[in-house]
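What follows is the content of structure22.cif, which has mmCIF, C-alpha atoms:
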```cif
data_work
loop_
_atom_site.label_atom_id
_atom_site.label_comp_id
_atom_site.auth_asym_id
_atom_site.auth_seq_id
_atom_site.Cartn_x
_atom_site.Cartn_y
_atom_site.Cartn_z
CA MET A 1 62.49 109.68 98.70
CA GLU A 2 61.30 106.75 100.82
CA THR A 3 60.86 106.89 104.60
CA ILE A 4 64.00 104.85 105.27
CA GLY A 5 65.94 107.30 103.10
CA ILE A 6 64.63 110.25 105.11
CA ILE A 7 65.68 108.50 108.34
CA ALA A 8 69.16 107.81 106.90
CA ALA A 9 69.59 111.39 105.68
CA SER A 10 68.50 112.76 109.06
CA PHE A 11 70.93 110.47 110.90
CA PHE A 12 73.76 111.52 108.58
CA GLY A 13 72.93 115.19 109.17
CA LEU A 14 72.92 114.69 112.94
CA GLY A 15 76.21 112.81 112.82
CA TYR A 16 77.82 115.46 110.69
CA LEU A 17 76.64 118.17 113.08
CA LEU A 18 78.35 116.31 115.92
CA ILE A 19 81.52 116.03 113.83
CA THR A 20 81.48 119.77 113.18
CA LEU A 21 81.03 120.48 116.89
CA GLU A 22 83.44 117.80 118.14
CA GLN A 23 85.53 120.26 120.16
CA LYS A 24 82.46 121.73 121.85
CA PHE A 25 81.11 118.31 122.88
CA ASN A 26 84.55 116.78 123.45
CA THR A 27 83.89 113.93 121.02
CA HIS A 28 86.10 112.31 118.38
CA LYS A 29 85.05 112.66 114.76
CA SER A 30 86.45 109.25 113.83
CA ALA A 31 84.16 107.52 116.33
CA ILE A 32 81.14 109.44 115.05
CA ALA A 33 82.01 108.77 111.40
CA LEU A 34 82.43 105.03 111.97
CA THR A 35 79.15 104.91 113.89
CA MET A 36 77.42 106.75 111.05
CA GLY A 37 78.82 104.32 108.52
CA GLY A 38 77.79 101.25 110.52
CA VAL A 39 74.25 102.44 111.29
CA LEU A 40 73.58 103.58 107.72
CA TRP A 41 74.68 100.22 106.33
CA LEU A 42 72.34 98.51 108.81
CA LEU A 43 69.54 100.60 107.32
CA ALA A 44 70.75 99.69 103.82
CA ALA A 45 70.68 95.99 104.75
CA VAL A 46 67.09 96.36 105.98
CA TYR A 47 66.18 98.23 102.79
CA LEU A 48 67.64 95.42 100.64
CA LEU A 49 66.48 92.60 102.90
CA HIS A 50 64.69 90.85 100.02
CA ASP A 51 67.47 91.47 97.48
CA LYS A 52 70.62 89.86 98.87
CA GLU A 53 72.36 90.02 95.49
CA ALA A 54 71.96 93.81 95.28
CA LEU A 55 73.25 94.17 98.86
CA SER A 56 76.24 91.96 98.11
CA HIS A 57 77.05 93.98 94.99
CA ALA A 58 76.79 97.29 96.89
CA LEU A 59 79.04 96.01 99.67
CA SER A 60 81.62 94.69 97.20
CA HIS A 61 81.73 98.02 95.40
CA ALA A 62 82.03 99.98 98.66
CA GLY A 63 84.70 97.61 100.01
CA ALA A 64 86.83 97.82 96.87
CA GLU A 65 86.70 101.62 96.73
CA ILE A 66 87.48 102.04 100.43
CA PHE A 67 90.35 99.54 100.25
CA ASN A 68 91.95 101.48 97.38
CA ILE A 69 91.93 104.71 99.37
CA VAL A 70 92.87 103.26 102.77
CA ALA A 71 95.71 101.16 101.35
CA PHE A 72 97.08 104.22 99.55
CA LEU A 73 96.87 106.42 102.65
CA LEU A 74 98.47 103.80 104.92
CA ALA A 75 101.48 103.41 102.63
CA ALA A 76 101.80 107.17 102.09
CA LEU A 77 101.66 108.00 105.79
CA ALA A 78 104.20 105.26 106.56
CA LEU A 79 106.64 106.77 104.07
CA ILE A 80 106.08 110.22 105.60
CA GLU A 81 106.90 108.83 109.05
CA ILE A 82 110.14 107.40 107.64
CA LEU A 83 111.07 110.80 106.18
CA VAL A 84 110.34 112.45 109.54
CA HIS A 85 112.47 109.92 111.42
CA TYR A 86 115.42 110.34 109.07
CA LYS A 87 115.22 114.13 109.60
CA PHE A 88 114.42 115.05 106.00
CA PHE A 89 112.46 118.10 107.14
CA ASP A 90 115.20 119.12 109.58
CA LEU A 91 117.57 119.12 106.62
CA ILE A 92 115.21 121.47 104.76
CA ARG A 93 115.18 123.81 107.76
CA ALA A 94 118.97 123.82 107.94
CA LYS A 95 119.25 124.56 104.21
CA LEU A 96 116.81 127.48 104.56
CA ILE A 97 118.86 128.98 107.38
CA ALA A 98 122.07 128.54 105.39
CA LEU A 99 120.65 130.57 102.47
CA ASN A 100 120.93 133.77 104.55
CA VAL A 101 118.14 135.53 102.67
CA GLY A 102 116.14 138.40 104.14
CA ASP A 103 113.60 137.76 106.87
CA LYS A 104 110.52 138.56 104.79
CA GLN A 105 111.89 136.53 101.89
CA GLN A 106 111.96 133.48 104.16
CA PHE A 107 108.17 133.69 104.24
CA LEU A 108 108.05 133.37 100.46
CA LEU A 109 110.47 130.45 100.52
CA VAL A 110 108.39 128.65 103.14
CA MET A 111 105.24 129.07 101.04
CA VAL A 112 106.95 127.93 97.84
CA ILE A 113 108.41 124.83 99.49
CA THR A 114 105.07 124.02 101.13
CA PHE A 115 103.19 124.40 97.83
CA PHE A 116 105.43 122.10 95.83
CA PHE A 117 106.12 119.50 98.52
CA SER A 118 102.37 119.25 99.23
CA GLY A 119 101.97 118.19 95.62
CA ILE A 120 104.46 115.36 96.13
CA LEU A 121 103.85 114.33 99.72
CA ASP A 122 100.84 114.39 102.03
CA ASN A 123 99.83 118.01 102.72
CA ILE A 124 98.96 117.29 106.36
CA ALA A 125 102.47 116.03 107.11
CA ILE A 126 103.98 118.94 105.18
CA THR A 127 101.88 121.37 107.26
CA ILE A 128 103.25 119.87 110.49
CA ALA A 129 106.84 119.91 109.26
CA MET A 130 106.74 123.44 107.81
CA LEU A 131 105.17 124.81 110.99
CA GLN A 132 108.15 123.54 112.97
CA ILE A 133 110.48 125.11 110.43
CA ALA A 134 108.58 128.42 110.50
CA LEU A 135 108.89 128.59 114.29
CA ARG A 136 112.65 128.98 113.76
CA PHE A 137 112.11 132.13 111.67
CA PHE A 138 108.97 133.92 112.86
CA THR A 139 107.42 135.16 116.08
CA GLY A 140 104.33 137.07 117.20
CA LYS A 141 102.04 138.33 114.46
CA ASN A 142 104.47 137.17 111.78
CA MET A 143 104.21 133.60 113.00
CA ILE A 144 100.40 133.75 112.75
CA ILE A 145 100.74 135.03 109.19
CA ALA A 146 103.31 132.35 108.37
CA ALA A 147 101.09 129.59 109.82
CA ALA A 148 98.15 130.85 107.76
CA GLY A 149 100.36 130.95 104.66
CA ILE A 150 101.45 127.37 105.26
CA VAL A 151 97.82 126.20 105.49
CA ILE A 152 96.93 128.02 102.26
CA ALA A 153 100.00 126.75 100.39
CA ALA A 154 99.50 123.18 101.66
CA ASN A 155 95.88 123.08 100.52
CA ALA A 156 96.73 124.70 97.17
CA GLY A 157 99.61 122.29 96.62
CA GLY A 158 97.43 119.31 97.46
CA ALA A 159 94.67 120.41 95.06
CA TRP A 160 96.71 120.13 91.85
CA SER A 161 98.36 116.77 92.53
CA PRO A 162 96.74 113.32 92.49
CA VAL A 163 98.62 112.37 95.68
CA GLY A 164 98.69 115.70 97.56
CA ASP A 165 95.32 115.77 99.32
CA VAL A 166 92.78 113.17 100.37
CA THR A 167 90.15 114.79 98.11
CA THR A 168 92.29 114.52 94.98
CA ILE A 169 93.33 111.00 95.99
CA MET A 170 89.65 110.03 96.21
CA LEU A 171 88.83 111.56 92.82
CA TRP A 172 91.91 110.05 91.16
CA LEU A 173 91.33 106.56 92.52
CA ALA A 174 87.69 106.80 91.44
CA GLY A 175 88.83 107.41 87.86
CA LYS A 176 87.42 110.94 87.61
CA PHE A 177 90.67 112.12 86.02
CA THR A 178 94.15 110.80 85.31
CA ALA A 179 97.24 112.03 87.12
CA LEU A 180 98.33 114.12 84.13
CA GLU A 181 94.84 115.57 83.67
CA VAL A 182 94.52 116.91 87.21
CA ILE A 183 98.03 118.41 87.03
CA ARG A 184 97.24 119.98 83.66
CA TYR A 185 93.89 121.46 84.65
CA ALA A 186 94.45 122.29 88.34
CA PHE A 187 98.08 123.40 88.64
CA PHE A 188 97.81 126.98 87.36
CA PRO A 189 94.54 127.82 89.17
CA SER A 190 95.97 126.51 92.45
CA LEU A 191 99.26 128.33 91.85
CA ALA A 192 97.33 131.55 91.16
CA LEU A 193 95.49 131.22 94.47
CA ALA A 194 98.74 130.64 96.37
CA LEU A 195 100.39 133.63 94.66
CA VAL A 196 97.49 136.02 95.27
CA ALA A 197 96.96 134.99 98.90
CA GLY A 198 100.71 134.83 99.55
CA ALA A 199 101.29 138.32 98.16
CA LEU A 200 98.54 139.79 100.35
CA LEU A 201 99.90 138.01 103.44
CA TYR A 202 103.45 139.15 102.60
CA ARG A 203 102.34 142.78 102.80
CA LYS A 204 101.11 142.20 106.37
CA LEU A 205 104.48 141.02 107.72
CA ASP A 206 106.11 143.16 110.41
CA ASP A 207 109.79 143.94 109.68
CA THR A 208 110.63 144.02 113.39
CA SER A 209 109.16 140.68 114.41
CA PHE A 210 111.53 137.88 113.39
CA GLU A 211 113.39 135.19 115.30
CA LYS A 212 117.18 135.20 115.48
CA ARG A 213 118.42 132.38 113.26
CA GLU A 214 121.38 130.18 114.09
CA LYS A 215 122.92 127.68 111.73
CA ASP A 216 122.59 124.00 112.59
CA ASP A 217 125.76 122.18 111.56
CA THR A 218 124.97 119.02 113.52
CA LEU A 219 122.92 117.42 110.73
CA THR A 220 125.32 115.20 108.82
CA PRO A 221 123.32 112.30 107.38
CA SER A 222 125.26 109.19 106.45
CA PHE A 223 125.25 107.72 102.96
CA GLY A 224 122.74 105.11 104.09
CA GLU A 225 120.39 107.75 105.49
CA LYS A 226 120.59 109.70 102.25
CA MET A 227 119.67 106.53 100.34
CA VAL A 228 116.63 105.97 102.57
CA ILE A 229 115.42 109.54 102.07
CA ALA A 230 115.95 109.32 98.30
CA MET A 231 114.10 105.99 98.05
CA ALA A 232 111.18 107.29 100.13
CA LEU A 233 110.85 110.35 97.88
CA VAL A 234 111.06 108.24 94.71
CA SER A 235 108.26 106.06 96.12
CA PHE A 236 105.77 108.89 95.66
CA VAL A 237 106.42 108.86 91.90
CA LEU A 238 105.74 105.13 91.57
CA PRO A 239 101.90 105.40 91.85
CA LEU A 240 101.91 107.60 88.76
CA LEU A 241 104.12 105.18 86.85
CA VAL A 242 102.18 102.00 87.69
CA SER A 243 98.89 103.69 86.81
CA PHE A 244 100.11 103.92 83.19
CA ILE A 245 100.20 100.12 82.93
CA GLY A 246 96.80 99.59 84.54
CA LEU A 247 97.81 98.83 88.14
CA PRO A 248 96.07 100.64 91.01
CA PRO A 249 98.16 103.50 92.45
CA TYR A 250 98.42 101.92 95.91
CA MET A 251 100.45 99.13 94.31
CA GLY A 252 103.15 101.66 93.43
CA LEU A 253 103.27 103.00 96.99
CA PHE A 254 103.42 99.48 98.43
CA LEU A 255 106.35 98.77 96.11
CA GLY A 256 108.05 101.97 97.21
CA LEU A 257 107.46 101.25 100.89
CA GLY A 258 108.87 97.74 100.46
CA LEU A 259 111.95 99.00 98.61
CA THR A 260 112.52 101.74 101.21
CA TRP A 261 112.29 99.14 103.96
CA CYS A 262 114.80 96.94 102.10
CA VAL A 263 117.20 99.88 101.78
CA ILE A 264 116.94 100.46 105.53
CA GLU A 265 117.63 96.81 106.33
CA PHE A 266 120.55 96.67 103.89
CA ALA A 267 122.08 99.88 105.26
CA LYS A 268 121.71 98.62 108.84
CA LYS A 269 123.79 95.55 108.01
CA ARG A 270 126.54 97.66 106.43
CA LYS A 271 126.58 100.22 109.27
CA ARG A 272 129.90 100.43 111.05
CA ALA A 273 129.68 99.84 114.79
CA ASP A 274 131.70 102.99 115.55
CA ASN A 275 129.37 105.20 113.50
CA PRO A 276 125.83 104.86 114.93
CA THR A 277 123.04 106.43 112.84
CA HIS A 278 119.27 106.45 112.66
CA MET A 279 119.62 103.09 110.91
CA THR A 280 119.53 101.48 114.36
CA ALA A 281 115.87 102.43 114.68
CA ASN A 282 113.13 99.80 114.65
CA ILE A 283 111.29 100.31 111.36
CA ASP A 284 108.23 98.46 112.73
CA LYS A 285 107.79 101.12 115.43
CA ILE A 286 108.20 103.91 112.89
CA VAL A 287 105.44 102.48 110.69
CA GLN A 288 103.20 101.88 113.74
CA SER A 289 103.29 105.62 114.53
CA VAL A 290 101.11 106.36 111.46
CA ASP A 291 98.03 108.47 112.26
CA ILE A 292 95.33 105.78 112.07
CA SER A 293 92.53 107.97 113.46
CA SER A 294 92.37 110.13 110.33
CA ILE A 295 92.14 107.00 108.18
CA LYS A 296 89.29 105.71 110.35
CA TYR A 297 87.50 109.01 109.81
CA ILE A 298 87.82 108.71 106.03
CA MET A 299 86.60 105.10 106.21
CA GLY A 300 83.54 106.10 108.24
CA ILE A 301 82.63 108.99 105.92
CA LEU A 302 83.00 106.84 102.80
CA LEU A 303 80.93 104.05 104.32
CA ALA A 304 78.20 106.52 105.26
CA VAL A 305 78.13 108.19 101.84
CA MET A 306 78.03 104.87 99.99
CA ALA A 307 75.20 103.68 102.21
CA LEU A 308 73.28 106.85 101.34
CA SER A 309 73.89 106.06 97.67
CA THR A 310 72.57 102.52 98.14
CA LEU A 311 69.46 103.90 99.83
CA GLY A 312 68.82 106.31 96.94
CA VAL A 313 69.38 109.45 99.02
CA LEU A 314 72.19 110.77 96.86
CA GLN A 315 70.24 110.16 93.68
CA TRP A 316 67.43 112.28 95.12
CA LEU A 317 69.94 114.96 96.15
CA SER A 318 71.40 114.96 92.64
CA SER A 319 67.97 115.49 91.09
CA VAL A 320 67.33 118.42 93.44
CA VAL A 321 70.72 120.14 93.05
CA VAL A 322 71.62 119.52 89.41
CA GLY A 323 68.43 118.19 87.84
CA ALA A 324 67.96 115.43 85.32
CA ASP A 325 69.94 117.02 82.47
CA PRO A 326 72.13 119.83 83.83
CA SER A 327 74.02 122.14 81.49
CA THR A 328 77.78 122.53 81.68
CA SER A 329 77.32 126.04 83.05
CA HIS A 330 75.12 124.69 85.83
CA LEU A 331 77.72 122.06 86.77
CA ILE A 332 80.46 124.71 86.82
CA LEU A 333 78.41 126.88 89.19
CA VAL A 334 77.67 123.87 91.42
CA ASN A 335 81.39 123.10 91.61
CA MET A 336 82.23 126.69 92.48
CA GLY A 337 79.55 126.64 95.15
CA LEU A 338 81.18 123.49 96.48
CA GLY A 339 84.35 125.53 97.00
CA PHE A 340 82.62 128.10 99.18
CA LEU A 341 80.75 125.36 101.06
CA SER A 342 84.11 123.68 101.75
CA GLY A 343 84.93 126.71 103.85
CA ILE A 344 82.53 125.53 106.53
CA VAL A 345 82.01 121.81 105.78
CA ASP A 346 84.68 119.09 105.70
CA ASN A 347 85.85 118.82 102.10
CA ALA A 348 86.47 115.05 102.15
CA SER A 349 82.81 114.32 102.84
CA LEU A 350 81.69 116.92 100.28
CA VAL A 351 83.84 115.31 97.59
CA ALA A 352 82.55 111.86 98.54
CA ILE A 353 78.99 113.12 98.07
CA ALA A 354 79.89 114.95 94.83
CA MET A 355 81.39 111.77 93.38
CA ASN A 356 78.05 110.05 93.82
CA THR A 357 75.74 112.91 92.79
CA LEU A 358 77.32 115.04 90.06
CA PRO A 359 76.66 113.58 86.57
CA MET A 360 79.99 114.62 85.03
CA ASP A 361 82.28 112.71 82.68
CA ASN A 362 84.59 115.60 81.77
CA PRO A 363 87.92 115.42 83.68
CA GLU A 364 88.22 119.22 83.50
CA LEU A 365 85.04 119.57 85.53
CA TRP A 366 86.29 117.05 88.09
CA ALA A 367 89.56 119.00 88.25
CA LEU A 368 87.43 122.03 89.14
CA THR A 369 85.92 119.94 91.93
CA ALA A 370 89.44 119.27 93.25
CA ILE A 371 90.38 122.97 92.98
CA ALA A 372 87.20 124.11 94.71
CA ALA A 373 87.14 121.54 97.52
CA GLY A 374 90.88 121.62 98.21
CA ASN A 375 91.31 125.39 98.19
CA GLY A 376 87.89 126.24 99.60
CA GLY A 377 89.00 124.59 102.83
CA SER A 378 91.45 127.47 103.29
CA LEU A 379 88.67 130.04 103.76
CA PHE A 380 88.41 129.16 107.45
CA VAL A 381 91.05 127.40 109.50
CA ILE A 382 88.71 124.67 110.77
CA ALA A 383 87.52 123.69 107.27
CA SER A 384 90.54 121.60 106.24
CA ALA A 385 92.71 118.95 107.85
CA ALA A 386 95.78 121.14 107.25
CA GLY A 387 94.09 124.00 109.12
CA VAL A 388 93.10 121.84 112.07
CA VAL A 389 96.61 120.42 112.27
CA ALA A 390 98.06 123.93 112.15
CA MET A 391 95.81 125.03 115.03
CA GLY A 392 97.06 122.08 117.05
CA GLY A 393 100.71 122.75 116.19
CA TYR A 394 100.56 126.48 116.91
CA LYS A 395 98.01 127.34 119.58
CA LYS A 396 98.02 131.07 118.82
CA LEU A 397 96.52 130.37 115.39
CA THR A 398 92.90 130.67 116.48
CA MET A 399 89.80 130.88 114.29
CA GLY A 400 89.61 134.62 114.90
CA GLU A 401 93.28 135.33 114.11
CA TYR A 402 93.14 133.23 110.94
CA PHE A 403 89.97 135.00 109.82
CA LYS A 404 91.57 138.41 110.29
CA VAL A 405 94.74 137.69 108.32
CA ALA A 406 93.79 135.00 105.78
CA THR A 407 90.10 134.73 104.87
CA PHE A 408 89.96 137.73 102.52
CA PRO A 409 93.24 136.82 100.72
CA VAL A 410 91.95 133.26 100.24
CA LEU A 411 88.57 134.49 98.99
CA LEU A 412 90.23 136.75 96.44
CA GLY A 413 92.65 134.00 95.47
CA LEU A 414 89.80 131.49 95.07
CA LEU A 415 87.97 133.84 92.69
CA VAL A 416 91.18 134.26 90.66
CA ALA A 417 91.66 130.47 90.62
CA PHE A 418 88.14 129.96 89.27
CA GLY A 419 88.84 132.61 86.64
CA ILE A 420 92.09 130.93 85.54
CA TRP A 421 90.33 127.55 85.34
CA TYR A 422 87.51 129.03 83.26
CA LEU A 423 89.97 130.62 80.82
CA GLN A 424 91.69 127.25 80.42
CA PHE A 425 88.36 125.50 79.99
CA THR A 426 87.17 128.00 77.36
CA PHE A 427 90.27 128.58 75.26
CA LEU A 428 92.57 125.56 75.74
#
```

Show this structure as structure tokens.
Amino acid sequence: METIGIIAASFFGLGYLLITLEQKFNTHKSAIALTMGGVLWLLAAVYLLHDKEALSHALSHAGAEIFNIVAFLLAALALIEILVHYKFFDLIRAKLIALNVGDKQQFLLVMVITFFFSGILDNIAITIAMLQIALRFFTGKNMIIAAAGIVIAANAGGAWSPVGDVTTIMLWLAGKFTALEVIRYAFFPSLALALVAGALLYRKLDDTSFEKREKDDTLTPSFGEKMVIAMALVSFVLPLLVSFIGLPPYMGLFLGLGLTWCVIEFAKKRKRADNPTHMTANIDKIVQSVDISSIKYIMGILLAVMALSTLGVLQWLSSVVVGADPSTSHLILVNMGLGFLSGIVDNASLVAIAMNTLPMDNPELWALTAIAAGNGGSLFVIASAAGVVAMGGYKKLTMGEYFKVATFPVLLGLLVAFGIWYLQFTFL
């Protein structure tokens, strides 16, 4: 590796250390990531100073890939904000209360709903929503267990769907697998992890530590509000449909966002003056409330990783980790190791590096990457975006508390998930 590559790798390592310790140094990871990306591309420009065509090609490739991901995330997060505003998740909470099932069974329902909705919607938003729902059912130690279960189920649900987690979105948009392939290869391993971890957490629940539940009969959405919610949910299916005819997935989400917006505007015009609803809200303000900082972080990481690729650093890393002609068994072990490494290192950056270093053309192996990176982030609460969000939403969910109740169940579940994937890979 050349000197400029060593400098770039060192700068990336320093930046990533600062990202990992952002709370200790009171910094913002988005600012660090964007700085990393900018500085590393300056080094890449110096490296290719006498080859402007190669630099232009590298920038075009990086720009196209980042646009695909950022456009997709912007549209997805905007639709989530619309669902939040029209109280879709409040309706779920009210339905759960109305079921009148046992207290401990509510924990299982919360995990099941989180797992499946995280496969359809963004798992970060689902984590936030389900935490608020869980606070209506659980208290004390049970709430810590429920919060941990939500993180695990959200990460597991995001790992089997092409739209559920930023890591699977990145792999899908990069063409590593199709939507049907990742569902086929990753669903049962991720489900197995959620079942194993969920069962072990269920046994830890305290029968005497539950909140008193009261029915909420005030939620009576109008027909127009129901139409908005339905259109927003349908929008998340459109990326899969347009991908079958060769269009990029973000085009489907843009179409869905546009149609949802049109439904809102149409319903506002038909709203009766004596029956005010959420239709009176300003849709521009709803869309503007999207969490842009997380998107900036993803942009910075992708820019940095692609700059490292341009400088030849990732090619060198690939030769060291997997060699020139790795066997399938070697690649499987590397992917499994990626899962355990995701427990302490941000999985989005790991997947970005893996995409540029692992010489794999088998979608089953890339599905294993999604399983490992998505679920490995559940080993420790700080290792995934869902975990960090959960810590922010419920302050009593500390690193220590999560470790005590969840790390071993996740570790056992991750081993079972790898086993299920390997059985599929060998016999199916």

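Separating CA of Ile382 (chain A) from CA of Tyr402 (chain A) is a distance of 9.6 Å.
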
task = Give as JSON, numbers by chain the residues that the PyMOL selection byres ((chain A and resi 362) around 12) matches when applied to the coordinates above.
result = {"A": [175, 176, 177, 178, 181, 182, 185, 328, 331, 332, 358, 359, 360, 361, 363, 364, 365, 366, 367, 368, 369, 425]}

request  = Determine the residue set returned by the PyMOL selection byres ((chain A and resi 187) around 12) for the present structure, and present it as a PyMOL selection string.
outcome  = chain A and resi 115-116+119+156-162+164+179-186+188-194+364+367-368+370-371+375+417-418+420-421+424

Given the file above and the PyMOL selection byres ((chain A and resi 400) around 12), which residues are selected, and can you give them as a short mmCIF file (atom, residue, chain, number, x, y, z; two decimals) with C-alpha atoms, keeping the file's coordinate frame?
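What follows is the written file result.cif:
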```
data_model
loop_
_atom_site.label_atom_id
_atom_site.label_comp_id
_atom_site.auth_asym_id
_atom_site.auth_seq_id
_atom_site.Cartn_x
_atom_site.Cartn_y
_atom_site.Cartn_z
CA ILE A 144 100.40 133.75 112.75
CA ALA A 148 98.15 130.85 107.76
CA PHE A 380 88.41 129.16 107.45
CA VAL A 381 91.05 127.40 109.50
CA ILE A 382 88.71 124.67 110.77
CA MET A 391 95.81 125.03 115.03
CA LYS A 396 98.02 131.07 118.82
CA LEU A 397 96.52 130.37 115.39
CA THR A 398 92.90 130.67 116.48
CA MET A 399 89.80 130.88 114.29
CA GLU A 401 93.28 135.33 114.11
CA TYR A 402 93.14 133.23 110.94
CA PHE A 403 89.97 135.00 109.82
CA LYS A 404 91.57 138.41 110.29
CA VAL A 405 94.74 137.69 108.32
CA ALA A 406 93.79 135.00 105.78
CA THR A 407 90.10 134.73 104.87
#
```

ask   = Hey, what's within 9 Å of region 337-339 of chain A if we count all atoms listed in the file and toss same-chain stuff fewer than 6 positions away? As a VMD selection string, please?
value = chain A and resid 347 350 to 351 354 369 to 377 414

request  = Excluding region 52-57 of chain A and any residue of its chain fewer than 6 positions from it, enumerate the residues within 9 Å of it, using only C-alpha atoms, and give them as a ChimeraX atom specification.
outcome  = /A:44-45,310

request  = Identify which of the residues A:Ser349, A:Gln132, A:Ser327, A:Asn26 lies closest to Val305 (chain A), counting only C-alpha atoms when measuring atom-to-atom distances.
outcome  = A:Ser349

inquiry  = Just the number, please: distance in Å from CA of Ala31 (chain A) to CA of Leu59 (chain A), one decimal.
reply    =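 Taking CA of Ala31 (chain A) as the start and CA of Leu59 (chain A) as the end point, the length is 20.9 Å.
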
message = Can you measure CA of Ile301 (chain A) to CA of Ala62 (chain A) for me? One decimal in Å is fine.
response = 11.6 Å

request  = Write out as number ranges by chain each polymer residue whose atoms come within 9 Å of region 251-268 of chain A, counting all atoms listed in the file; drop sequence neighbours fewer than 4 positions from it.
outcome  = A: 71-72, 75-76, 78-79, 82, 223-225, 227-243, 247, 272, 277, 279-280, 283
